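target27.csv (CSV, C-alpha atoms) appears below.
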```csv
chain,number,residue,atom,x,y,z
A,1,MET,CA,0.0,0.0,0.0
A,2,ALA,CA,1.4,3.4,-1.0
A,3,LEU,CA,2.3,5.8,1.8
A,4,ARG,CA,3.4,9.4,1.9
A,5,VAL,CA,7.0,10.1,2.9
A,6,VAL,CA,6.0,11.8,6.1
A,7,LYS,CA,3.8,8.9,7.2
A,8,LEU,CA,6.5,6.3,6.4
A,9,ALA,CA,9.0,8.5,8.4
A,10,ARG,CA,6.7,8.3,11.5
A,11,GLU,CA,6.5,4.5,11.1
A,12,VAL,CA,10.2,3.9,10.9
A,13,GLU,CA,10.9,6.7,13.5
A,14,LEU,CA,13.0,8.8,11.1
A,15,SER,CA,12.7,12.3,9.8
A,16,PRO,CA,11.1,12.9,6.3
A,17,ALA,CA,14.5,14.2,5.2
A,18,GLU,CA,16.2,10.9,6.3
A,19,VAL,CA,13.6,8.8,4.5
A,20,LEU,CA,14.1,10.8,1.3
A,21,GLY,CA,17.9,10.4,1.8
A,22,LEU,CA,17.4,6.6,2.0
A,23,LEU,CA,15.3,6.6,-1.1
A,24,HIS,CA,18.0,8.5,-3.0
A,25,ALA,CA,20.6,6.1,-1.5
A,26,VAL,CA,18.8,3.0,-3.0
A,27,GLY,CA,18.2,4.7,-6.3
A,28,TYR,CA,14.8,6.4,-6.0
A,29,VAL,CA,15.9,9.9,-6.8
A,30,ARG,CA,12.6,11.2,-8.1
A,31,TYR,CA,11.2,11.7,-4.6
A,32,LYS,CA,11.9,15.2,-3.3
A,33,SER,CA,9.0,16.2,-1.0
A,34,ALA,CA,7.7,15.0,2.3
A,35,ASN,CA,4.2,14.8,0.8
A,36,ASP,CA,5.2,12.5,-2.1
A,37,MET,CA,3.5,9.1,-2.3
A,38,ILE,CA,5.8,6.1,-2.2
A,39,GLY,CA,5.0,2.8,-3.8
A,40,ASP,CA,5.2,-0.7,-2.2
A,41,ALA,CA,8.5,-1.6,-3.9
A,42,ALA,CA,10.2,1.6,-2.8
A,43,ILE,CA,8.8,1.1,0.8
A,44,ARG,CA,10.4,-2.4,0.9
A,45,ARG,CA,13.7,-1.1,-0.3
A,46,VAL,CA,13.7,1.6,2.4
A,47,ARG,CA,12.9,-0.9,5.2
A,48,GLN,CA,15.7,-3.2,3.9
A,49,ALA,CA,18.2,-0.3,3.7
A,50,ILE,CA,17.4,0.5,7.4
A,51,ARG,CA,18.0,-3.1,8.4
A,52,ASP,CA,21.3,-3.1,6.4
A,53,GLY,CA,22.5,0.1,8.0
A,54,VAL,CA,22.6,2.1,4.8
A,55,GLN,CA,23.3,5.8,5.6
A,56,PRO,CA,20.8,8.3,4.0
A,57,VAL,CA,22.0,10.9,1.5
A,58,HIS,CA,21.8,14.4,2.9
A,59,LEU,CA,19.0,16.4,1.4
A,60,GLU,CA,17.6,19.8,2.1
A,61,VAL,CA,13.8,19.4,2.4
A,62,ALA,CA,11.7,22.6,2.6
A,63,ALA,CA,9.2,22.8,5.4
A,64,PRO,CA,5.6,22.7,4.2
A,65,LYS,CA,4.0,26.2,3.9
A,66,PRO,CA,1.1,26.8,6.3
A,67,LYS,CA,-2.3,27.2,4.6
A,68,ALA,CA,-3.4,30.8,4.2
A,69,VAL,CA,-6.6,31.7,6.0
A,70,SER,CA,-8.8,34.0,4.0
A,71,GLN,CA,-10.0,37.0,5.9
A,72,PRO,CA,-13.7,37.6,5.4
A,73,VAL,CA,-14.6,41.0,3.9
A,74,ALA,CA,-17.4,42.9,5.4
A,75,SER,CA,-20.2,43.6,3.0
A,76,SER,CA,-22.5,46.6,3.4
A,77,SER,CA,-25.1,45.1,1.2
A,78,ASP,CA,-25.8,42.0,3.3
A,79,PHE,CA,-29.6,41.7,3.6
A,80,MET,CA,-29.5,39.3,6.6
A,81,ALA,CA,-27.2,41.6,8.5
A,82,SER,CA,-29.5,44.5,7.9
A,83,LEU,CA,-32.5,42.5,9.2
A,84,VAL,CA,-30.9,40.8,12.2
A,85,PRO,CA,-28.4,42.9,14.1
A,86,GLY,CA,-25.2,41.0,15.0
A,87,VAL,CA,-25.6,38.3,12.3
A,88,ILE,CA,-22.6,38.1,10.0
A,89,ARG,CA,-22.5,36.2,6.8
A,90,THR,CA,-20.2,33.3,6.4
A,91,GLY,CA,-16.8,34.4,5.1
A,92,GLU,CA,-17.1,37.9,6.5
A,93,THR,CA,-15.3,39.6,9.3
A,94,VAL,CA,-16.8,41.3,12.3
A,95,PRO,CA,-16.8,45.1,11.8
A,96,VAL,CA,-14.7,46.9,14.3
A,97,ALA,CA,-16.7,49.3,16.3
A,98,LYS,CA,-15.4,52.8,16.3
A,99,PRO,CA,-15.0,54.3,19.8
A,100,ARG,CA,-16.7,57.5,20.5
A,101,GLY,CA,-14.8,60.6,19.7
A,102,GLY,CA,-12.9,59.7,16.6
A,103,GLU,CA,-10.8,56.9,15.0
A,104,PRO,CA,-10.2,53.6,16.9
A,105,ARG,CA,-7.0,53.4,18.9
A,106,ARG,CA,-4.3,51.4,17.1
A,107,THR,CA,-2.1,49.1,19.1
A,108,ALA,CA,1.4,48.3,18.0
A,109,ALA,CA,1.8,44.7,16.8
A,110,PRO,CA,4.3,42.7,18.8
A,111,ALA,CA,7.7,42.5,17.2
A,112,PRO,CA,8.4,39.0,15.7
A,113,ALA,CA,10.9,36.9,17.6
A,114,PRO,CA,14.3,36.7,16.0
A,115,ALA,CA,14.7,33.5,14.0
A,116,VAL,CA,17.3,31.1,15.3
A,117,ALA,CA,19.5,29.7,12.6
A,118,ALA,CA,19.4,25.9,12.6
A,119,THR,CA,22.8,24.2,12.7
A,120,PRO,CA,23.0,22.1,9.5
A,121,ALA,CA,23.4,18.4,10.1
A,122,PRO,CA,26.7,16.9,8.9
A,123,ALA,CA,26.5,15.3,5.6
A,124,PRO,CA,26.4,11.5,6.0
A,125,VAL,CA,28.9,9.4,4.1
A,126,PRO,CA,27.1,7.2,1.6
A,127,ALA,CA,27.5,3.6,2.7
A,128,ALA,CA,29.2,1.2,0.4
A,129,ALA,CA,27.3,-1.7,-0.9
A,130,VAL,CA,27.4,-4.6,1.6
A,131,PRO,CA,29.2,-7.5,-0.1
A,132,VAL,CA,27.4,-10.9,0.1
A,133,ALA,CA,29.8,-13.9,0.4
A,134,ASN,CA,29.0,-16.8,-1.9
A,135,ALA,CA,29.4,-20.5,-1.0
A,136,ASP,CA,32.9,-20.8,-2.4
A,137,GLU,CA,34.2,-17.9,-0.3
A,138,VAL,CA,32.6,-19.3,2.8
A,139,ASN,CA,34.2,-22.7,2.2
A,140,ALA,CA,37.6,-21.1,1.6
A,141,LEU,CA,37.3,-19.1,4.9
A,142,GLN,CA,36.3,-22.2,6.8
A,143,ALA,CA,39.3,-24.1,5.4
A,144,ARG,CA,41.6,-21.3,6.3
A,145,ILE,CA,40.2,-21.3,9.9
A,146,ALA,CA,40.8,-25.0,10.2
A,147,SER,CA,44.4,-24.6,9.0
A,148,LEU,CA,45.1,-21.8,11.5
A,149,GLU,CA,43.6,-23.9,14.3
A,150,SER,CA,45.9,-26.8,13.4
A,151,GLU,CA,49.0,-24.5,13.4
A,152,LEU,CA,47.9,-23.1,16.8
A,153,ASN,CA,47.6,-26.6,18.3
A,154,THR,CA,51.1,-27.5,16.9
A,155,LEU,CA,52.6,-24.4,18.5
A,156,ARG,CA,50.8,-25.1,21.8
A,157,ALA,CA,52.3,-28.6,21.9
A,158,ARG,CA,55.7,-27.2,21.1
A,159,VAL,CA,55.4,-24.7,24.0
A,160,ALA,CA,54.4,-27.5,26.3
A,161,ASP,CA,57.5,-29.5,25.3
A,162,LEU,CA,59.7,-26.6,26.0
A,163,ALA,CA,58.1,-26.0,29.4
A,164,GLN,CA,58.6,-29.6,30.4
A,165,PRO,CA,61.7,-31.1,28.8
A,166,PRO,CA,61.6,-34.8,27.9
A,167,PRO,CA,63.4,-37.3,30.2
A,168,LEU,CA,66.8,-38.6,29.2
A,169,THR,CA,65.4,-42.1,28.5
A,170,ARG,CA,63.0,-40.8,25.9
A,171,VAL,CA,65.8,-38.9,24.1
A,172,LEU,CA,67.8,-42.1,24.0
A,173,GLU,CA,64.9,-44.1,22.7
A,174,GLU,CA,64.3,-41.6,19.9
A,175,ARG,CA,67.9,-42.3,18.9
A,176,GLY,CA,66.9,-46.0,18.4
A,177,LEU,CA,68.0,-47.5,21.7
A,178,ARG,CA,65.7,-50.0,23.5
A,179,GLY,CA,65.9,-51.6,26.9
A,180,ARG,CA,67.8,-50.9,30.1
A,181,ASP,CA,71.0,-52.7,28.9
A,182,GLU,CA,71.3,-50.6,25.7
A,183,LEU,CA,70.7,-47.4,27.6
A,184,GLU,CA,73.3,-48.1,30.2
A,185,ARG,CA,75.8,-49.3,27.7
A,186,VAL,CA,75.6,-46.1,25.7
A,187,LEU,CA,76.0,-44.0,28.8
A,188,GLY,CA,78.9,-46.1,30.0
A,189,GLY,CA,80.6,-45.7,26.5
A,190,LEU,CA,80.1,-42.0,26.5
A,191,ALA,CA,81.6,-41.8,30.1
A,192,GLN,CA,84.7,-43.9,29.1
A,193,ARG,CA,85.3,-41.5,26.2
A,194,ARG,CA,84.7,-38.5,28.5
A,195,LEU,CA,81.7,-37.4,26.4
A,196,LEU,CA,78.9,-38.0,28.9
A,197,LEU,CA,79.2,-34.6,30.6
A,198,ASP,CA,79.2,-32.8,27.3
A,199,ALA,CA,76.0,-34.7,26.4
A,200,ILE,CA,74.0,-34.1,29.6
A,201,GLY,CA,75.8,-31.1,31.2
A,202,ALA,CA,73.4,-28.6,29.7
A,203,ALA,CA,70.3,-30.8,30.0
A,204,THR,CA,67.4,-29.7,32.2
A,205,LEU,CA,66.2,-32.2,34.8
A,206,VAL,CA,62.6,-33.0,34.9
A,207,ASP,CA,62.8,-34.7,38.3
A,208,GLY,CA,66.0,-33.5,40.1
A,209,GLY,CA,64.9,-35.0,43.5
A,210,ARG,CA,65.0,-38.5,42.1
A,211,LEU,CA,68.5,-38.1,40.8
A,212,ALA,CA,69.6,-36.5,44.1
A,213,GLU,CA,68.3,-39.5,46.0
A,214,LEU,CA,70.0,-41.9,43.7
A,215,LEU,CA,73.4,-40.1,44.2
A,216,ARG,CA,72.9,-40.1,48.0
A,217,ARG,CA,72.2,-43.8,48.1
A,218,ARG,CA,74.7,-45.2,45.5
A,219,VAL,CA,77.6,-42.8,45.3
A,220,LEU,CA,80.4,-43.0,48.0
A,221,LEU,CA,83.1,-40.3,48.3
A,222,VAL,CA,86.3,-41.9,49.5
A,223,ASP,CA,89.9,-40.7,50.2
A,224,GLY,CA,91.9,-42.7,47.8
A,225,ALA,CA,91.1,-46.3,47.1
A,226,ALA,CA,87.8,-47.7,48.4
A,227,PRO,CA,88.0,-49.8,51.6
A,228,GLN,CA,87.6,-53.5,51.4
A,229,GLY,CA,84.1,-54.7,52.1
A,230,VAL,CA,82.3,-51.8,50.3
A,231,PRO,CA,79.3,-53.5,48.6
A,232,GLU,CA,79.3,-53.5,44.8
A,233,SER,CA,76.0,-51.5,44.8
A,234,PHE,CA,78.0,-48.4,45.7
A,235,VAL,CA,80.0,-46.3,43.2
A,236,PRO,CA,83.1,-45.1,45.0
A,237,VAL,CA,84.5,-41.8,43.8
A,238,ALA,CA,88.0,-40.6,44.9
A,239,VAL,CA,87.9,-37.0,46.2
A,240,SER,CA,90.1,-34.9,48.5
A,241,PRO,CA,90.4,-35.9,52.2
A,242,GLU,CA,88.3,-33.0,53.4
A,243,ARG,CA,85.3,-34.1,51.2
A,244,ALA,CA,85.7,-37.8,51.8
A,245,GLU,CA,82.8,-39.6,53.6
A,246,LEU,CA,85.1,-42.5,54.7
A,247,PRO,CA,88.6,-42.6,56.1
A,248,ARG,CA,91.4,-44.3,54.3
A,249,PRO,CA,91.3,-48.1,54.4
A,250,SER,CA,94.4,-48.1,56.7
A,251,GLN,CA,92.6,-45.7,59.1
A,252,ILE,CA,89.5,-47.9,59.2
A,253,ASP,CA,91.6,-50.9,60.1
A,254,ALA,CA,93.4,-49.0,62.9
A,255,MET,CA,90.1,-47.7,64.2
A,256,GLY,CA,88.7,-51.2,64.4
A,257,ALA,CA,91.7,-52.5,66.2
A,258,LYS,CA,91.7,-49.7,68.7
A,259,ILE,CA,88.0,-50.1,69.5
A,260,GLY,CA,88.5,-53.9,70.0
A,261,GLU,CA,91.5,-53.3,72.2
A,262,MET,CA,89.6,-50.8,74.4
A,263,LEU,CA,86.7,-53.3,74.9
A,264,MET,CA,89.0,-56.2,75.7
A,265,LEU,CA,90.9,-54.1,78.3
A,266,HIS,CA,87.7,-53.3,80.1
A,267,GLY,CA,86.4,-56.8,79.9
A,268,ARG,CA,83.7,-56.0,77.5
A,269,ARG,CA,83.1,-58.4,74.6
A,270,SER,CA,79.7,-57.2,73.4
A,271,ILE,CA,78.7,-53.9,71.9
A,272,ALA,CA,75.3,-52.7,70.6
A,273,ILE,CA,75.1,-49.8,68.2
A,274,PHE,CA,71.9,-47.9,67.5
A,275,GLY,CA,71.8,-45.5,64.6
A,276,GLY,CA,74.8,-44.8,62.4
A,277,ASP,CA,75.2,-45.3,58.7
A,278,PRO,CA,74.7,-49.0,57.6
A,279,LEU,CA,77.8,-48.9,55.5
A,280,HIS,CA,79.9,-47.5,58.4
A,281,LEU,CA,78.6,-50.3,60.6
A,282,HIS,CA,79.4,-52.8,58.0
A,283,LEU,CA,83.0,-51.6,57.6
A,284,LEU,CA,83.4,-51.3,61.4
A,285,SER,CA,82.2,-54.9,61.9
A,286,ALA,CA,84.7,-56.1,59.4
A,287,ALA,CA,87.6,-54.3,61.1
A,288,LEU,CA,86.8,-55.3,64.7
A,289,ASP,CA,88.6,-58.0,66.6
A,290,SER,CA,86.8,-61.3,65.9
A,291,ARG,CA,86.4,-61.9,69.7
A,292,VAL,CA,84.1,-58.8,70.0
A,293,HIS,CA,80.4,-59.4,69.3
A,294,LEU,CA,78.7,-56.5,67.6
A,295,VAL,CA,74.9,-56.2,67.6
A,296,ARG,CA,73.1,-53.6,65.5
A,297,GLY,CA,70.0,-51.9,66.9
A,298,SER,CA,69.2,-54.4,69.6
A,299,THR,CA,70.4,-55.4,73.1
A,300,ASP,CA,69.1,-58.9,73.0
A,301,GLY,CA,71.6,-61.5,74.2
A,302,LEU,CA,73.9,-58.9,75.9
A,303,GLU,CA,75.1,-59.3,79.4
A,304,GLY,CA,73.5,-56.4,81.4
A,305,GLU,CA,76.5,-55.6,83.6
A,306,ARG,CA,79.1,-56.0,80.8
A,307,ALA,CA,77.3,-54.5,77.8
A,308,VAL,CA,78.4,-51.4,75.9
A,309,ILE,CA,75.7,-49.5,74.1
A,310,VAL,CA,76.5,-46.7,71.7
A,311,HIS,CA,73.8,-44.4,70.2
A,312,TRP,CA,75.5,-43.1,67.1
A,313,ASN,CA,74.1,-39.8,66.0
A,314,GLU,CA,70.8,-40.3,67.7
A,315,PRO,CA,69.4,-39.7,71.3
A,316,ILE,CA,69.7,-42.3,74.0
A,317,SER,CA,66.6,-44.3,74.5
A,318,GLU,CA,64.8,-45.1,77.8
A,319,ALA,CA,65.6,-48.8,77.4
A,320,SER,CA,69.3,-48.0,77.2
A,321,GLN,CA,69.0,-45.8,80.3
A,322,ARG,CA,67.5,-48.7,82.3
A,323,LEU,CA,70.4,-50.9,81.2
A,324,LYS,CA,72.8,-48.2,82.3
A,325,GLY,CA,71.4,-48.5,85.8
A,326,GLU,CA,72.3,-52.2,85.7
A,327,GLY,CA,75.9,-51.5,84.9
A,328,ALA,CA,76.0,-51.2,81.2
A,329,VAL,CA,78.1,-48.5,79.5
A,330,VAL,CA,75.8,-46.2,77.5
A,331,VAL,CA,77.3,-43.4,75.4
A,332,ARG,CA,76.2,-41.1,72.6
A,333,ALA,CA,78.5,-40.3,69.7
A,334,GLU,CA,78.1,-37.7,67.0
A,335,ARG,CA,78.5,-38.5,63.4
A,336,GLY,CA,82.1,-39.4,62.4
A,337,TRP,CA,84.5,-42.2,63.1
A,338,GLY,CA,86.8,-40.1,65.3
A,339,GLU,CA,83.9,-38.9,67.5
A,340,PHE,CA,82.7,-42.5,67.8
A,341,ALA,CA,86.1,-43.7,69.1
A,342,ARG,CA,86.4,-40.7,71.5
A,343,ALA,CA,82.9,-41.2,73.0
A,344,LEU,CA,83.5,-44.9,73.4
A,345,GLU,CA,86.8,-44.4,75.1
A,346,SER,CA,85.4,-41.7,77.5
A,347,GLY,CA,82.5,-43.9,78.5
A,348,LEU,CA,84.7,-46.9,79.2
A,349,GLU,CA,87.1,-44.9,81.3
A,350,SER,CA,84.3,-43.4,83.4
A,351,ALA,CA,82.6,-46.8,84.0
```
With the file now loaded, output its structure as structure tokens.
Amino acid sequence: MALRVVKLAREVELSPAEVLGLLHAVGYVRYKSANDMIGDAAIRRVRQAIRDGVQPVHLEVAAPKPKAVSQPVASSSDFMASLVPGVIRTGETVPVAKPRGGEPRRTAAPAPAPAVAATPAPAPVPAAAVPVANADEVNALQARIASLESELNTLRARVADLAQPPPLTRVLEERGLRGRDELERVLGGLAQRRLLLDAIGAATLVDGGRLAELLRRRVLLVDGAAPQGVPESFVPVAVSPERAELPRPSQIDAMGAKIGEMLMLHGRRSIAIFGGDPLHLHLLSAALDSRVHLVRGSTDGLEGERAVIVHWNEPISEASQRLKGEGAVVVRAERGWGEFARALESGLESA
């Protein structure tokens, strides 16, 4: 149904000038007045342009002129006016009565208010035609998005690998090695050729605590050659005397002979040791006189009045204190072979 420009403007909540600008923007340039009638096709194009966001073309639309009201002219030959006083014929004005004493007083007409100049609206920029993507363009864009997502996933996996370096075993397996024997043989071969440190010196540990525990349990720092009796599960490493964890083999033998001699001189043939490093106890047992009975971590089978109990690097227990009341020698030694011998000698002398 055809509508006037001004009525369509009220429906779409725009001004008549903006509706005319939209008509010009979509190609209907013959419409120039707010009172022009618009056909159905043009109305549909205007509504579609509003939905698409098309900017209207700036137009200067003249405001409609007010209708002129004709002023009735008084007629002196009106028959009805002459018959009925006060009756005025349609289209005529009421005659102004003259005041007594002369011409009617004329009042000055009020001065018209100064017109305020309206600020012209900025000219809108004509909108470019909105491109409509076809099916081929959509498929190409989707394929591009899938390719970029694949590249992003690859980069994320790379970042994860850099944040968490692979373990050494996986690096060796990627080289083609399989099984524990092959891995240890290649590491041993690199170590013999003094290449192992070059290979792993700059590597980042994933689990440093595990390696530290392995070094603590299996590596033994010795002064010179390893003492006799060191189990094969240990890896002895010769270091300077101040960093050695064990005395020299000759010093261990002399320490064992001295301890055995002190026990025999005081008539003590049994000694119980609580605490201490298992390896140290193993080496001490091997160096003691064969006539001395050494018990580890227990007092079972010891003669109460002739027993010697040593707490090596640990506090004295209540059970040992009770045996001390029965005549046993109970001492506490700090860590170290020399401290052990001095504590034992002091306890035997004071018994």
Point to revise | Pick from A:Ala272, A:Leu284, A:Ala146, A:Ala333 nearest to Ser320 of chain A, counting all atoms listed in the file | key: A:Ala272
Revision key, fill the gap. Using all atoms listed in the file, the shortest atom-to-atom distance to Val171 of chain A among A:Asn153, A:Ala191, A:Leu183, A:Pro56 belongs to A:Leu183
Exercise for review: Around the point (83.1, -42.5, 41.8), in the coordinates given by the file, pick out the residues reaching within 7 Å, counting only C-alpha atoms, and return them as a VMD selection string.
Suggested key: chain A and resid 219 to 221 235 to 238
Within 7 Å of Arg268 of chain A, counting all atoms listed in the file, which residues qualify if same-chain residues fewer than 3 places away don't, as an mmCIF file with C-alpha atoms, in the coordinates of the input?
```
data_model
loop_
_atom_site.group_PDB
_atom_site.id
_atom_site.type_symbol
_atom_site.label_atom_id
_atom_site.label_comp_id
_atom_site.auth_asym_id
_atom_site.auth_seq_id
_atom_site.Cartn_x
_atom_site.Cartn_y
_atom_site.Cartn_z
ATOM 1 C CA LEU A 263 86.700 -53.300 74.900
ATOM 2 C CA MET A 264 89.000 -56.200 75.700
ATOM 3 C CA ARG A 306 79.100 -56.000 80.800
ATOM 4 C CA ALA A 307 77.300 -54.500 77.800
#
```
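If all atoms listed in the file are the atoms counted, then among A:Ala319, A:Ile309, A:Leu155, A:Ala287 the closest residue to Lys258 of chain A is A:Ala287.
The shortest atom-to-atom distance to Ala34 of chain A, with all atoms listed in the file taken into account, belongs to A:Lys7 out of A:Arg248, A:Arg178, A:Lys7, A:Val46.
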Point to revise | Residues near Val6 of chain A, cut-off 9 Å, all atoms listed in the file, skip fewer than 6 positions along chain, as a count of residues only | key: 8
Exercise for review: Tell me which of A:Arg158, A:Arg269, A:Arg216, A:His280 sits closest to Leu246 of chain A, counting only C-alpha atoms.
Suggested key: A:His280
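The interatomic distance for the pair atom CA of Asp223 of chain A and atom CA of Pro241 of chain A works out to 5.2 Å.
What separates atom CA of Ala42 of chain A from atom CA of Leu23 of chain A is a distance of 7.3 Å.
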Exercise for review: Could you check which of A:Val230, A:Ala254, A:Leu22, A:Leu348 is closest to Asp52 of chain A, using only C-alpha atoms?
Suggested key: A:Leu22
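Across the model, the gap from atom CA of Arg291 of chain A to atom CA of Ser270 of chain A is 9.0 Å.
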Point to revise | Spatial neighbours of segment 342-344 of chain A, 12 Å, all atoms listed in the file, chain gap at least 6 places, as a ChimeraX atom specification | key: /A:255,258-263,266,268,271-273,308-313,329-336,350-351
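All protein, DNA and RNA residues at most 6 Å from (70.8, -51.4, 70.1) are Ala272, Ile273, Phe274, Arg296, Gly297, Ser298 and Thr299 of chain A, using all atoms listed in the file.
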